[in-house]
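upload_25.cif, holding mmCIF, N, CA and C atoms:
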data_my_file
#
loop_
_atom_site.label_atom_id
_atom_site.label_comp_id
_atom_site.auth_asym_id
_atom_site.auth_seq_id
_atom_site.Cartn_x
_atom_site.Cartn_y
_atom_site.Cartn_z
N MET Q 250 -35.11 -20.89 -49.24
CA MET Q 250 -35.80 -21.97 -49.94
C MET Q 250 -34.78 -22.76 -50.75
N TYR Q 251 -34.82 -24.06 -50.59
CA TYR Q 251 -33.98 -24.97 -51.36
C TYR Q 251 -34.80 -25.54 -52.52
N ASN Q 252 -34.15 -25.73 -53.65
CA ASN Q 252 -34.78 -26.32 -54.82
C ASN Q 252 -34.11 -27.65 -55.09
N LEU Q 253 -34.82 -28.73 -54.81
CA LEU Q 253 -34.27 -30.08 -54.93
C LEU Q 253 -34.91 -30.80 -56.11
N PHE Q 254 -34.08 -31.18 -57.05
CA PHE Q 254 -34.52 -31.92 -58.22
C PHE Q 254 -34.16 -33.39 -58.03
N ILE Q 255 -35.14 -34.25 -58.20
CA ILE Q 255 -34.93 -35.69 -58.07
C ILE Q 255 -35.10 -36.33 -59.44
N LEU Q 256 -34.05 -36.99 -59.90
CA LEU Q 256 -34.12 -37.70 -61.16
C LEU Q 256 -34.63 -39.11 -60.89
N GLY Q 257 -35.77 -39.44 -61.47
CA GLY Q 257 -36.37 -40.75 -61.26
C GLY Q 257 -36.24 -41.63 -62.47
N TYR Q 258 -36.12 -42.94 -62.23
CA TYR Q 258 -36.06 -43.90 -63.32
C TYR Q 258 -36.95 -45.11 -63.06
N ASN Q 259 -36.73 -45.80 -61.93
CA ASN Q 259 -37.53 -47.00 -61.67
C ASN Q 259 -37.78 -47.25 -60.18
N ALA Q 260 -37.71 -46.22 -59.37
CA ALA Q 260 -37.89 -46.43 -57.93
C ALA Q 260 -38.86 -45.42 -57.31
N ALA Q 261 -39.95 -45.15 -58.02
CA ALA Q 261 -40.98 -44.28 -57.44
C ALA Q 261 -41.49 -44.88 -56.13
N TRP Q 262 -41.51 -46.20 -56.05
CA TRP Q 262 -41.94 -46.88 -54.82
C TRP Q 262 -41.02 -46.51 -53.65
N PHE Q 263 -39.72 -46.32 -53.93
CA PHE Q 263 -38.75 -45.96 -52.90
C PHE Q 263 -39.06 -44.57 -52.36
N GLN Q 264 -39.34 -43.65 -53.27
CA GLN Q 264 -39.69 -42.30 -52.85
C GLN Q 264 -40.97 -42.31 -52.02
N ASP Q 265 -41.94 -43.09 -52.47
CA ASP Q 265 -43.21 -43.16 -51.76
C ASP Q 265 -43.01 -43.69 -50.34
N LYS Q 266 -42.15 -44.66 -50.20
CA LYS Q 266 -41.92 -45.29 -48.90
C LYS Q 266 -41.07 -44.42 -47.96
N TYR Q 267 -40.04 -43.77 -48.50
CA TYR Q 267 -39.05 -43.12 -47.63
C TYR Q 267 -39.01 -41.60 -47.66
N LEU Q 268 -39.63 -40.95 -48.63
CA LEU Q 268 -39.55 -39.49 -48.71
C LEU Q 268 -40.63 -38.88 -47.83
N ASP Q 269 -40.20 -38.34 -46.70
CA ASP Q 269 -41.09 -37.68 -45.76
C ASP Q 269 -40.98 -36.17 -45.99
N LEU Q 270 -41.89 -35.62 -46.75
CA LEU Q 270 -41.85 -34.21 -47.13
C LEU Q 270 -41.93 -33.28 -45.94
N SER Q 271 -42.54 -33.71 -44.86
CA SER Q 271 -42.67 -32.86 -43.68
C SER Q 271 -41.32 -32.54 -43.03
N LEU Q 272 -40.31 -33.32 -43.34
CA LEU Q 272 -38.97 -33.07 -42.78
C LEU Q 272 -38.24 -31.95 -43.52
N PHE Q 273 -38.80 -31.48 -44.62
CA PHE Q 273 -38.14 -30.48 -45.46
C PHE Q 273 -39.08 -29.31 -45.76
N PRO Q 274 -39.45 -28.54 -44.73
CA PRO Q 274 -40.43 -27.47 -44.94
C PRO Q 274 -39.93 -26.33 -45.82
N ASN Q 275 -38.63 -26.16 -45.93
CA ASN Q 275 -38.05 -25.08 -46.72
C ASN Q 275 -37.52 -25.56 -48.06
N THR Q 276 -38.10 -26.64 -48.58
CA THR Q 276 -37.60 -27.24 -49.82
C THR Q 276 -38.73 -27.39 -50.83
N LYS Q 277 -38.44 -26.95 -52.05
CA LYS Q 277 -39.35 -27.17 -53.17
C LYS Q 277 -38.81 -28.36 -53.95
N PHE Q 278 -39.63 -29.38 -54.10
CA PHE Q 278 -39.22 -30.60 -54.79
C PHE Q 278 -39.70 -30.58 -56.24
N TYR Q 279 -38.82 -31.04 -57.13
CA TYR Q 279 -39.15 -31.21 -58.54
C TYR Q 279 -38.71 -32.63 -58.92
N ILE Q 280 -39.65 -33.46 -59.30
CA ILE Q 280 -39.29 -34.79 -59.77
C ILE Q 280 -39.23 -34.75 -61.29
N ILE Q 281 -38.11 -35.18 -61.83
CA ILE Q 281 -37.93 -35.32 -63.27
C ILE Q 281 -37.95 -36.82 -63.54
N ASP Q 282 -39.02 -37.29 -64.15
CA ASP Q 282 -39.22 -38.71 -64.36
C ASP Q 282 -38.59 -39.15 -65.67
N ASN Q 283 -37.56 -39.96 -65.57
CA ASN Q 283 -36.82 -40.45 -66.73
C ASN Q 283 -37.18 -41.90 -67.03
N GLY Q 284 -38.25 -42.40 -66.44
CA GLY Q 284 -38.61 -43.80 -66.62
C GLY Q 284 -40.09 -44.04 -66.87
N GLN Q 285 -40.83 -42.97 -67.13
CA GLN Q 285 -42.26 -43.06 -67.40
C GLN Q 285 -42.97 -43.92 -66.35
N GLN Q 286 -42.73 -43.56 -65.09
CA GLN Q 286 -43.28 -44.32 -63.96
C GLN Q 286 -44.68 -43.87 -63.60
N ILE Q 287 -45.35 -44.69 -62.83
CA ILE Q 287 -46.63 -44.32 -62.25
C ILE Q 287 -46.35 -43.92 -60.80
N TYR Q 288 -46.59 -42.66 -60.49
CA TYR Q 288 -46.30 -42.16 -59.16
C TYR Q 288 -47.55 -42.23 -58.28
N PRO Q 289 -47.34 -42.48 -56.98
CA PRO Q 289 -48.47 -42.50 -56.06
C PRO Q 289 -49.07 -41.09 -55.96
N GLU Q 290 -50.31 -41.03 -55.57
CA GLU Q 290 -51.05 -39.77 -55.54
C GLU Q 290 -50.32 -38.67 -54.77
N ARG Q 291 -49.70 -39.02 -53.65
CA ARG Q 291 -49.07 -37.99 -52.81
C ARG Q 291 -47.84 -37.36 -53.46
N LEU Q 292 -47.28 -38.00 -54.49
CA LEU Q 292 -46.10 -37.46 -55.16
C LEU Q 292 -46.39 -36.89 -56.55
N LYS Q 293 -47.58 -37.12 -57.07
CA LYS Q 293 -47.90 -36.68 -58.43
C LYS Q 293 -47.70 -35.19 -58.64
N SER Q 294 -48.01 -34.39 -57.65
CA SER Q 294 -47.88 -32.94 -57.79
C SER Q 294 -46.42 -32.49 -57.85
N LEU Q 295 -45.49 -33.37 -57.47
CA LEU Q 295 -44.06 -33.04 -57.50
C LEU Q 295 -43.42 -33.37 -58.84
N VAL Q 296 -44.10 -34.14 -59.67
CA VAL Q 296 -43.54 -34.51 -60.98
C VAL Q 296 -43.63 -33.29 -61.88
N TYR Q 297 -42.46 -32.73 -62.18
CA TYR Q 297 -42.40 -31.50 -62.97
C TYR Q 297 -42.30 -31.79 -64.46
N TYR Q 298 -41.60 -32.89 -64.80
CA TYR Q 298 -41.40 -33.21 -66.20
C TYR Q 298 -41.19 -34.72 -66.35
N THR Q 299 -41.72 -35.28 -67.43
CA THR Q 299 -41.50 -36.69 -67.74
C THR Q 299 -40.92 -36.79 -69.15
N THR Q 300 -39.81 -37.49 -69.28
CA THR Q 300 -39.20 -37.68 -70.59
C THR Q 300 -40.02 -38.69 -71.40
N THR Q 301 -39.88 -38.66 -72.71
CA THR Q 301 -40.60 -39.61 -73.55
C THR Q 301 -39.85 -40.93 -73.67
N LYS Q 302 -38.54 -40.89 -73.34
CA LYS Q 302 -37.73 -42.11 -73.31
C LYS Q 302 -36.59 -41.87 -72.33
N ASN Q 303 -35.94 -42.95 -71.91
CA ASN Q 303 -34.83 -42.86 -70.97
C ASN Q 303 -33.66 -42.15 -71.64
N ILE Q 304 -33.21 -41.05 -71.05
CA ILE Q 304 -32.07 -40.30 -71.60
C ILE Q 304 -30.80 -40.50 -70.77
N GLY Q 305 -30.83 -41.46 -69.87
CA GLY Q 305 -29.65 -41.77 -69.05
C GLY Q 305 -29.48 -40.81 -67.89
N CYS Q 306 -28.57 -41.15 -67.02
CA CYS Q 306 -28.34 -40.34 -65.82
C CYS Q 306 -27.75 -38.98 -66.18
N ALA Q 307 -26.69 -38.95 -66.96
CA ALA Q 307 -26.07 -37.67 -67.33
C ALA Q 307 -27.03 -36.82 -68.13
N GLY Q 308 -27.78 -37.44 -69.03
CA GLY Q 308 -28.77 -36.70 -69.80
C GLY Q 308 -29.85 -36.12 -68.90
N GLY Q 309 -30.25 -36.88 -67.90
CA GLY Q 309 -31.24 -36.41 -66.94
C GLY Q 309 -30.73 -35.25 -66.11
N TRP Q 310 -29.48 -35.32 -65.69
CA TRP Q 310 -28.90 -34.22 -64.92
C TRP Q 310 -28.76 -32.98 -65.79
N ASN Q 311 -28.38 -33.16 -67.04
CA ASN Q 311 -28.31 -32.01 -67.96
C ASN Q 311 -29.69 -31.38 -68.14
N LEU Q 312 -30.71 -32.23 -68.27
CA LEU Q 312 -32.07 -31.72 -68.39
C LEU Q 312 -32.47 -30.95 -67.14
N ILE Q 313 -32.13 -31.48 -65.97
CA ILE Q 313 -32.43 -30.79 -64.72
C ILE Q 313 -31.77 -29.42 -64.69
N CYS Q 314 -30.51 -29.34 -65.10
CA CYS Q 314 -29.81 -28.04 -65.12
C CYS Q 314 -30.50 -27.07 -66.08
N LYS Q 315 -30.90 -27.55 -67.23
CA LYS Q 315 -31.59 -26.71 -68.21
C LYS Q 315 -32.92 -26.19 -67.63
N ILE Q 316 -33.68 -27.08 -67.00
CA ILE Q 316 -34.95 -26.67 -66.40
C ILE Q 316 -34.71 -25.69 -65.26
N GLY Q 317 -33.81 -26.06 -64.35
CA GLY Q 317 -33.58 -25.23 -63.17
C GLY Q 317 -33.00 -23.87 -63.47
N PHE Q 318 -31.96 -23.84 -64.28
CA PHE Q 318 -31.26 -22.57 -64.53
C PHE Q 318 -31.89 -21.76 -65.67
N GLU Q 319 -32.20 -22.40 -66.78
CA GLU Q 319 -32.71 -21.66 -67.94
C GLU Q 319 -34.21 -21.42 -67.87
N HIS Q 320 -34.98 -22.46 -67.57
CA HIS Q 320 -36.44 -22.33 -67.58
C HIS Q 320 -36.98 -21.64 -66.32
N LEU Q 321 -36.51 -22.07 -65.15
CA LEU Q 321 -37.02 -21.51 -63.89
C LEU Q 321 -36.21 -20.32 -63.40
N GLY Q 322 -35.01 -20.12 -63.96
CA GLY Q 322 -34.19 -18.97 -63.56
C GLY Q 322 -33.62 -19.05 -62.15
N LEU Q 323 -33.40 -20.26 -61.66
CA LEU Q 323 -32.86 -20.44 -60.31
C LEU Q 323 -31.35 -20.21 -60.31
N GLU Q 324 -30.82 -19.74 -59.19
CA GLU Q 324 -29.38 -19.52 -59.07
C GLU Q 324 -28.66 -20.77 -58.56
N LYS Q 325 -29.32 -21.53 -57.70
CA LYS Q 325 -28.73 -22.73 -57.11
C LYS Q 325 -29.77 -23.83 -57.10
N ILE Q 326 -29.30 -25.06 -57.36
CA ILE Q 326 -30.19 -26.22 -57.28
C ILE Q 326 -29.43 -27.36 -56.63
N ILE Q 327 -30.18 -28.29 -56.10
CA ILE Q 327 -29.62 -29.53 -55.57
C ILE Q 327 -30.17 -30.65 -56.44
N ILE Q 328 -29.29 -31.54 -56.88
CA ILE Q 328 -29.71 -32.66 -57.73
C ILE Q 328 -29.49 -33.97 -56.97
N SER Q 329 -30.50 -34.81 -57.01
CA SER Q 329 -30.43 -36.11 -56.35
C SER Q 329 -31.05 -37.17 -57.25
N ASN Q 330 -30.85 -38.40 -56.88
CA ASN Q 330 -31.53 -39.52 -57.54
C ASN Q 330 -32.63 -40.01 -56.62
N GLU Q 331 -33.57 -40.75 -57.14
CA GLU Q 331 -34.72 -41.15 -56.36
C GLU Q 331 -34.40 -42.14 -55.24
N ASP Q 332 -33.26 -42.79 -55.29
CA ASP Q 332 -32.93 -43.77 -54.25
C ASP Q 332 -31.88 -43.27 -53.26
N ASN Q 333 -31.67 -41.95 -53.23
CA ASN Q 333 -30.70 -41.40 -52.26
C ASN Q 333 -31.36 -41.22 -50.91
#
Kindly return the structure encoded in the file as structure tokens.
Amino acid sequence: MYNLFILGYNAAWFQDKYLDLSLFPNTKFYIIDNGQQIYPERLKSLVYYTTTKNIGCAGGWNLICKIGFEHLGLEKIIISNEDN
């Protein structure tokens, strides 16, 4: 199982258009929303955390590491941005 964290800021529409979850059956997705976006219904269940304000890219990645390693206890994670 792969654990993929996606840091979002202003391109939820991009994820909605291009993210085909069926292509990744062995992947658990976690969206960390750093832009207080409105996500389409099919992606809402993937939003794990929403910041109260923009903490920047590095701040978002640090938050992802804290959630993944400290909170969830994962050994390995993959970090991406919403437009990759």
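If you look at atom CA of Q:Asp269 and atom N of Q:Leu321, they are 25.3 Å away from each other.
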| said: Restricting the calculation to only C-alpha atoms: of Q:Asn259, Q:Ser329, Q:Gln264, Q:Asn252, which residue gets closest to Q:Leu292? | reply: Q:Gln264
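The set of residues that the PyMOL selection byres (((chain Q and resi 275 and name CA) around 12) and name CA) takes from this file is Met250, Tyr251, Asn252, Leu253, Leu270, Ser271, Leu272, Phe273, Pro274, Thr276, Lys277 and Phe278 of chain Q.
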Taking all listed atoms of stretch 282-292 of chain Q, build the axis-aligned box, pad each of the six sides by 6 Å, then write its centre and edge lengths in Å to one decimal as JSON.
{"center_x": -43.9, "center_y": -40.8, "center_z": -60.1, "size_x": 26.2, "size_y": 19.8, "size_z": 26.6}
| request: Grab the atom CA of Q:Trp262 to atom N of Q:Ile316 distance for me, in Å with one decimal place. | output: 24.7 Å
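Taking atom CA of Q:Leu268 as the reference point, atom CA of Q:Pro289 is found at 11.9 Å.
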What parts of chain Q does DSSP call helix (DSSP H, G or I)? I'd like the answer as an mmCIF file with N, CA and C atoms, in the frame of the given file.
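New file result_24.cif:
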data_model
loop_
_atom_site.group_PDB
_atom_site.id
_atom_site.type_symbol
_atom_site.label_atom_id
_atom_site.label_comp_id
_atom_site.auth_asym_id
_atom_site.auth_seq_id
_atom_site.Cartn_x
_atom_site.Cartn_y
_atom_site.Cartn_z
ATOM 1 N N ALA Q 261 -39.950 -45.150 -58.020
ATOM 2 C CA ALA Q 261 -40.980 -44.280 -57.440
ATOM 3 C C ALA Q 261 -41.490 -44.880 -56.130
ATOM 4 N N TRP Q 262 -41.510 -46.200 -56.050
ATOM 5 C CA TRP Q 262 -41.940 -46.880 -54.820
ATOM 6 C C TRP Q 262 -41.020 -46.510 -53.650
ATOM 7 N N PHE Q 263 -39.720 -46.320 -53.930
ATOM 8 C CA PHE Q 263 -38.750 -45.960 -52.900
ATOM 9 C C PHE Q 263 -39.060 -44.570 -52.360
ATOM 10 N N GLN Q 264 -39.340 -43.650 -53.270
ATOM 11 C CA GLN Q 264 -39.690 -42.300 -52.850
ATOM 12 C C GLN Q 264 -40.970 -42.310 -52.020
ATOM 13 N N ASP Q 265 -41.940 -43.090 -52.470
ATOM 14 C CA ASP Q 265 -43.210 -43.160 -51.760
ATOM 15 C C ASP Q 265 -43.010 -43.690 -50.340
ATOM 16 N N LYS Q 266 -42.150 -44.660 -50.200
ATOM 17 C CA LYS Q 266 -41.920 -45.290 -48.900
ATOM 18 C C LYS Q 266 -41.070 -44.420 -47.960
ATOM 19 N N TYR Q 267 -40.040 -43.770 -48.500
ATOM 20 C CA TYR Q 267 -39.050 -43.120 -47.630
ATOM 21 C C TYR Q 267 -39.010 -41.600 -47.660
ATOM 22 N N LEU Q 270 -41.890 -35.620 -46.750
ATOM 23 C CA LEU Q 270 -41.850 -34.210 -47.130
ATOM 24 C C LEU Q 270 -41.930 -33.280 -45.940
ATOM 25 N N SER Q 271 -42.540 -33.710 -44.860
ATOM 26 C CA SER Q 271 -42.670 -32.860 -43.680
ATOM 27 C C SER Q 271 -41.320 -32.540 -43.030
ATOM 28 N N LEU Q 272 -40.310 -33.320 -43.340
ATOM 29 C CA LEU Q 272 -38.970 -33.070 -42.780
ATOM 30 C C LEU Q 272 -38.240 -31.950 -43.520
ATOM 31 N N GLU Q 290 -50.310 -41.030 -55.570
ATOM 32 C CA GLU Q 290 -51.050 -39.770 -55.540
ATOM 33 C C GLU Q 290 -50.320 -38.670 -54.770
ATOM 34 N N ARG Q 291 -49.700 -39.020 -53.650
ATOM 35 C CA ARG Q 291 -49.070 -37.990 -52.810
ATOM 36 C C ARG Q 291 -47.840 -37.360 -53.460
ATOM 37 N N LEU Q 292 -47.280 -38.000 -54.490
ATOM 38 C CA LEU Q 292 -46.100 -37.460 -55.160
ATOM 39 C C LEU Q 292 -46.390 -36.890 -56.550
ATOM 40 N N LYS Q 293 -47.580 -37.120 -57.070
ATOM 41 C CA LYS Q 293 -47.900 -36.680 -58.430
ATOM 42 C C LYS Q 293 -47.700 -35.190 -58.640
ATOM 43 N N GLY Q 305 -30.830 -41.460 -69.870
ATOM 44 C CA GLY Q 305 -29.650 -41.770 -69.050
ATOM 45 C C GLY Q 305 -29.480 -40.810 -67.890
ATOM 46 N N CYS Q 306 -28.570 -41.150 -67.020
ATOM 47 C CA CYS Q 306 -28.340 -40.340 -65.820
ATOM 48 C C CYS Q 306 -27.750 -38.980 -66.180
ATOM 49 N N ALA Q 307 -26.690 -38.950 -66.960
ATOM 50 C CA ALA Q 307 -26.070 -37.670 -67.330
ATOM 51 C C ALA Q 307 -27.030 -36.820 -68.130
ATOM 52 N N GLY Q 308 -27.780 -37.440 -69.030
ATOM 53 C CA GLY Q 308 -28.770 -36.700 -69.800
ATOM 54 C C GLY Q 308 -29.850 -36.120 -68.900
ATOM 55 N N GLY Q 309 -30.250 -36.880 -67.900
ATOM 56 C CA GLY Q 309 -31.240 -36.410 -66.940
ATOM 57 C C GLY Q 309 -30.730 -35.250 -66.110
ATOM 58 N N TRP Q 310 -29.480 -35.320 -65.690
ATOM 59 C CA TRP Q 310 -28.900 -34.220 -64.920
ATOM 60 C C TRP Q 310 -28.760 -32.980 -65.790
ATOM 61 N N ASN Q 311 -28.380 -33.160 -67.040
ATOM 62 C CA ASN Q 311 -28.310 -32.010 -67.960
ATOM 63 C C ASN Q 311 -29.690 -31.380 -68.140
ATOM 64 N N LEU Q 312 -30.710 -32.230 -68.270
ATOM 65 C CA LEU Q 312 -32.070 -31.720 -68.390
ATOM 66 C C LEU Q 312 -32.470 -30.950 -67.140
ATOM 67 N N ILE Q 313 -32.130 -31.480 -65.970
ATOM 68 C CA ILE Q 313 -32.430 -30.790 -64.720
ATOM 69 C C ILE Q 313 -31.770 -29.420 -64.690
ATOM 70 N N CYS Q 314 -30.510 -29.340 -65.100
ATOM 71 C CA CYS Q 314 -29.810 -28.040 -65.120
ATOM 72 C C CYS Q 314 -30.500 -27.070 -66.080
ATOM 73 N N LYS Q 315 -30.900 -27.550 -67.230
ATOM 74 C CA LYS Q 315 -31.590 -26.710 -68.210
ATOM 75 C C LYS Q 315 -32.920 -26.190 -67.630
ATOM 76 N N ILE Q 316 -33.680 -27.080 -67.000
ATOM 77 C CA ILE Q 316 -34.950 -26.670 -66.400
ATOM 78 C C ILE Q 316 -34.710 -25.690 -65.260
ATOM 79 N N GLY Q 317 -33.810 -26.060 -64.350
ATOM 80 C CA GLY Q 317 -33.580 -25.230 -63.170
ATOM 81 C C GLY Q 317 -33.000 -23.870 -63.470
ATOM 82 N N PHE Q 318 -31.960 -23.840 -64.280
ATOM 83 C CA PHE Q 318 -31.260 -22.570 -64.530
ATOM 84 C C PHE Q 318 -31.890 -21.760 -65.670
ATOM 85 N N GLU Q 319 -32.200 -22.400 -66.780
ATOM 86 C CA GLU Q 319 -32.710 -21.660 -67.940
ATOM 87 C C GLU Q 319 -34.210 -21.420 -67.870
ATOM 88 N N HIS Q 320 -34.980 -22.460 -67.570
ATOM 89 C CA HIS Q 320 -36.440 -22.330 -67.580
ATOM 90 C C HIS Q 320 -36.980 -21.640 -66.320
#
| Long-range neighbours of Q:Tyr288 as a PyMOL selection string, 9 Å cut-off, only C-alpha atoms, 6 positions minimum in chain | chain Q and resi 261-262+265+296
